[in-house]
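Colleague: Below you'll find the structure I mean.
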Amino acid sequence: MVTGFFDSMCTIGQHRRFSRLGEITDVNTLIEVMDHYKIKKALLSSYPDGWKDSTLSEIIQNDRFNIAKHVVPDKTNDEIELDYLKSNNIKAVKLFPILDKYVLSDWVIGNLFKKLNKIKLLTIIHLSVTQAQGFTAVGDRMVETLSGMDNSEGFVWDRIHTLAEQYPDIPFLLARLQGDGGGYKKMMGELLSRHNNIYIELSHFHCFKAIEEFVELYGAEKLLFGTGLSIQDPGQAIAQLNYSQISVNDKELIGYKNLERILGQEDL
């Protein structure tokens, strides 16, 4: 059994759509939940509405957290500077192209990615929209959008392929991917097979033997532990990993070692 997880998909703050969910809005409560589930560290992001200054200060000062900063092309490009990143404990950036309504094309994101490429910063591309029906990723709509059958959100797989090919030194984490779904699953497999710098995480990767199949096809090194905390109970990802029929070493890679390696924290 793996303990001491490093959560790649953890949030804190007020969700602008679901204030009734009981989400975690303070650091002490988050630590209490993490301790209960044996989550040692978290790559922490806010909802797109951001954090209060006092909350941000607590997070920066706590060595159990690294920050994944929500960025929007052009609007936040100026903050992608080494001094700013170091002083704010920012180890990753997170893009919400569907929610923020922009396309992953060079004429929109080129200036941002030129900066990210210099730093080789972990870049999380959030591939879902939370909705009231299930508090999870949009199902059929997301599959159609990602497979290229629906261009209404301007988001298709070949743009991710182009990014990974153009910036091979940037590690890309595709967040909130579902574990099944015909053409969608095939396109995800094509990306993983072609690019060593693409990873996915567990927070919505829930279907029977999803981890076993993934490890067999692509290796444990490309899968990161993620819970979806605080709008999702961490128990699902923890049980899925601990009860998967893979080696202890592969479980540890997924549970914390892969993210430590990507963030350069193996010796911490």
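Every chain in the structure tokens takes a letter, A first, then B, and so on in the order presented; its residues are numbered from 1, and the ligands are numbered from 1 following the presented order.
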Step one, run DSSP on the backbone; step two, keep only residues of segment 87-121 of chain A assigned to strand (DSSP E or B); then write them as an mmCIF file with N, CA and C atoms, in the first residue's frame.
Modeller:
data_model
loop_
_atom_site.group_PDB
_atom_site.id
_atom_site.type_symbol
_atom_site.label_atom_id
_atom_site.label_comp_id
_atom_site.auth_asym_id
_atom_site.auth_seq_id
_atom_site.Cartn_x
_atom_site.Cartn_y
_atom_site.Cartn_z
ATOM 1 N N ILE A 90 5.780 28.912 -7.031
ATOM 2 C CA ILE A 90 5.028 28.424 -8.180
ATOM 3 C C ILE A 90 5.876 27.411 -8.936
ATOM 4 N N LYS A 91 5.370 26.174 -9.035
ATOM 5 C CA LYS A 91 6.091 25.097 -9.695
ATOM 6 C C LYS A 91 5.401 24.623 -10.965
ATOM 7 N N ALA A 92 4.227 25.186 -11.250
ATOM 8 C CA ALA A 92 3.483 24.777 -12.438
ATOM 9 C C ALA A 92 2.520 25.893 -12.820
ATOM 10 N N VAL A 93 2.052 25.837 -14.050
ATOM 11 C CA VAL A 93 0.974 26.728 -14.476
ATOM 12 C C VAL A 93 -0.188 25.871 -14.955
ATOM 13 N N LYS A 94 -1.378 26.423 -14.863
ATOM 14 C CA LYS A 94 -2.568 25.680 -15.271
ATOM 15 C C LYS A 94 -3.361 26.523 -16.266
ATOM 16 N N LEU A 95 -3.715 25.895 -17.383
ATOM 17 C CA LEU A 95 -4.497 26.555 -18.421
ATOM 18 C C LEU A 95 -5.892 25.952 -18.460
#
Colleague: For segment 196-207 of chain A, please output as a PyMOL selection string all residues within 9 Å (counting only C-alpha atoms; exclusion window: fewer than 2 positions along the same chain).
Modeller: chain A and resi 8-9+136-137+164-165+167-180+191-194+209-211+221-229+232+234+236-237+240-241+254
Colleague: Do you have the atom CA of Lys75 of chain A-atom CA of Ile125 of chain A distance handy?
Modeller: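 Atom-to-atom, atom CA of Lys75 of chain A and atom CA of Ile125 of chain A are spaced 16.9 Å apart.
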Colleague: Which value, in Å to one decimal, gives the distance between atom CA of Val27 of chain A and atom CA of Phe96 of chain A?
Modeller: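 These two atoms are separated by 23.7 Å.
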Colleague: With a distance cut-off of 8 Å and only C-alpha atoms, select the neighbouring residues of Asp74 of chain A, excluding the residue or stretch itself and same-chain residues fewer than 4 positions from it, and output the selection as a list in words.
Modeller: Asp78, Ile109, Asn111 and Leu112 of chain A
Colleague: I'd like the interatomic distance between atom CA of Lys69 of chain A and atom CA of Gly13 of chain A, to a tenth of an Å.
Modeller: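 Separation between atom CA of Lys69 of chain A and atom CA of Gly13 of chain A: 13.4 Å.
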Colleague: From the list A:Phe65, A:Lys38, A:Leu43, A:Leu30, which residue is nearest Met1 of chain A when using only C-alpha atoms?
Modeller: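 The answer is A:Lys38, which sits nearest to Met1 of chain A.
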Colleague: For Leu163 of chain A, find every residue with an atom within 9 Å (counting only C-alpha atoms), except residues of its own chain fewer than 3 positions away, and show them as a CSV table (one decimal) with N, CA, C and O atoms, in the first residue's frame.
Modeller:
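Once everything was written out, this is result-v3.csv:
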chain,number,residue,atom,x,y,z
A,104,LEU,N,-5.8,26.9,-28.4
A,104,LEU,CA,-4.4,26.6,-28.2
A,104,LEU,C,-3.6,26.7,-29.5
A,104,LEU,O,-3.0,25.7,-29.9
A,105,SER,N,-3.6,27.9,-30.1
A,105,SER,CA,-2.9,28.1,-31.3
A,105,SER,C,-1.9,29.2,-31.1
A,105,SER,O,-2.0,30.0,-30.2
A,106,ASP,N,-0.8,29.1,-31.9
A,106,ASP,CA,0.4,30.0,-31.6
A,106,ASP,C,0.0,31.5,-31.6
A,106,ASP,O,0.6,32.2,-30.9
A,113,PHE,N,4.0,30.7,-24.2
A,113,PHE,CA,4.8,29.5,-24.3
A,113,PHE,C,6.3,29.7,-24.6
A,113,PHE,O,7.1,28.9,-24.2
A,158,ASP,N,-5.2,17.9,-32.0
A,158,ASP,CA,-3.9,18.2,-32.8
A,158,ASP,C,-3.2,19.4,-32.3
A,158,ASP,O,-2.0,19.6,-32.5
A,159,ARG,N,-3.9,20.3,-31.5
A,159,ARG,CA,-3.3,21.4,-30.9
A,159,ARG,C,-2.4,21.0,-29.8
A,159,ARG,O,-1.3,21.6,-29.5
A,160,ILE,N,-2.8,20.0,-29.0
A,160,ILE,CA,-2.0,19.5,-28.0
A,160,ILE,C,-0.7,18.8,-28.6
A,160,ILE,O,0.4,18.9,-28.1
A,166,GLN,N,6.3,21.0,-30.5
A,166,GLN,CA,7.0,22.3,-30.6
A,166,GLN,C,7.9,22.6,-29.3
A,166,GLN,O,8.9,23.2,-29.4
A,167,TYR,N,7.4,22.1,-28.2
A,167,TYR,CA,8.1,22.4,-26.9
A,167,TYR,C,8.3,21.1,-26.2
A,167,TYR,O,7.7,20.8,-25.2
A,168,PRO,N,9.3,20.3,-26.7
A,168,PRO,CA,9.5,18.9,-26.1
A,168,PRO,C,10.1,18.9,-24.7
A,168,PRO,O,10.1,17.9,-24.1
A,172,PHE,N,3.9,18.4,-20.0
A,172,PHE,CA,2.5,18.7,-20.1
A,172,PHE,C,1.7,17.7,-19.3
A,172,PHE,O,1.9,16.5,-19.5
